[in-house]
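Q: Provided herewith is a single structure, encoded as structure tokens, for subsequent inquiry.
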Amino acid sequence: MDTVRQNKVGRLLQKELGQLLQSHGSDYVAGVMLTVTVVRVTPDMGLAKVYVSAFPAKDKEEVIETLNKSVKSIRYLLGKQIRHQLRIVPELHFFLDDSLDLAEKIDDLLK
């Protein structure tokens, strides 16, 4: 169970990463709209698992791989944005959020 502090930091990171990927996302992956759906932070605030939804990407795993390779520059830009809210910027690990694809499959099956 997440603490209140973890939830607050997660929401802050989700908001800031969403804005960052909206403005600088084409530097990492071109032609793909990225949405940060959930950010889960560990209790020591040292690691953040970032779940990203990519649209319209043919190979979504490659998009996540590219984001994980670019994590240093993304973390640097994030640190510049949140330097007054957090003392330490957590390590970032990007994961694919396929909940929208799963919901679409369920909807198709129900039809």
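In the structure tokens, chains take letters A, B, ... by order of appearance, with residues numbered from 1 within each chain and ligands from 1 in the order shown.
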If you run DSSP on this backbone, which residues of chain A come out as strand (DSSP E or B), and could you give them as a PyMOL selection string?
A: chain A and resi 33-41+47-55+91-96
Q: Store the residues picked out above, limited to C-alpha atoms, as a CSV table (one decimal), in the first residue's frame.
A:
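out_5.csv was written with the following content:
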chain,number,residue,atom,x,y,z
A,33,MET,CA,2.0,10.5,-28.9
A,34,LEU,CA,3.1,9.5,-25.5
A,35,THR,CA,0.9,9.5,-22.4
A,36,VAL,CA,2.1,8.9,-18.9
A,37,THR,CA,-0.7,6.9,-17.3
A,38,VAL,CA,0.7,5.9,-13.9
A,39,VAL,CA,3.9,6.6,-11.9
A,40,ARG,CA,4.6,4.3,-8.9
A,41,VAL,CA,7.3,5.4,-6.5
A,47,LEU,CA,12.9,4.6,-8.0
A,48,ALA,CA,9.9,5.6,-10.1
A,49,LYS,CA,8.2,3.1,-12.4
A,50,VAL,CA,6.7,5.1,-15.2
A,51,TYR,CA,3.9,3.5,-17.2
A,52,VAL,CA,3.6,5.0,-20.7
A,53,SER,CA,0.9,4.5,-23.4
A,54,ALA,CA,2.1,5.1,-27.0
A,55,PHE,CA,-0.2,5.9,-29.9
A,91,GLU,CA,15.7,6.9,-11.0
A,92,LEU,CA,13.2,6.3,-13.9
A,93,HIS,CA,12.2,3.0,-15.4
A,94,PHE,CA,9.7,3.1,-18.3
A,95,PHE,CA,7.1,0.3,-18.8
A,96,LEU,CA,4.4,-0.1,-21.4
Q: Going by DSSP on the backbone, which residues of chain A come out as alpha helix (DSSP H)? List them as a count of residues only.
A: 58
Q: Compile the contact shell of segment 71-84 of chain A as an MDAnalysis selection string: residues with an atom at most 10 Å away, counting only C-alpha atoms, same-chain residues fewer than 5 positions apart removed.
A: chainID A and resid 12:13 16:17 19:21 24:25 28 65:66 89:94
Q: In Å, with one decimal, what is the gap from atom CA of Glu62 of chain A to atom CA of Val32 of chain A?
A: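 About the pair atom CA of Glu62 of chain A and atom CA of Val32 of chain A: they are 11.5 Å apart.
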Q: Neighbours of Pro43 of chain A within 10 Å (only C-alpha atoms; same-chain residues fewer than 4 positions away dropped), as a PDB file with C-alpha atoms, in the first residue's frame?
A:
ATOM      1  CA  MET A   1       0.000   0.000   0.000  1.00  0.00           C
ATOM      2  CA  ASP A   2       1.333   3.381  -0.996  1.00  0.00           C
ATOM      3  CA  THR A   3       1.722   6.177   1.505  1.00  0.00           C
ATOM      4  CA  ARG A   5       3.809  10.969   0.257  1.00  0.00           C
ATOM      5  CA  GLN A   6       4.361   8.313  -2.410  1.00  0.00           C
ATOM      6  CA  LEU A  47      12.944   4.608  -7.984  1.00  0.00           C
ATOM      7  CA  ALA A  48       9.936   5.551 -10.078  1.00  0.00           C
TER       8      ALA A  48
END
Q: Counting only C-alpha atoms, figure out which residue out of A:Asp44, A:Glu61, A:Asp27, A:Asp97 gets nearest to Val9 of chain A.
A: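 Using only C-alpha atoms, Val9 of chain A sits closest to A:Asp44.
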Q: Find the distance between atom CA of Leu67 of chain A and atom CA of Ser26 of chain A and write it in Å to one decimal.
A: 11.2 Å
Q: Hey, can you check how far atom CA of Val29 of chain A sits from atom CA of Asn68 of chain A?
A: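 Atom CA of Val29 of chain A sits 11.5 Å away from atom CA of Asn68 of chain A.
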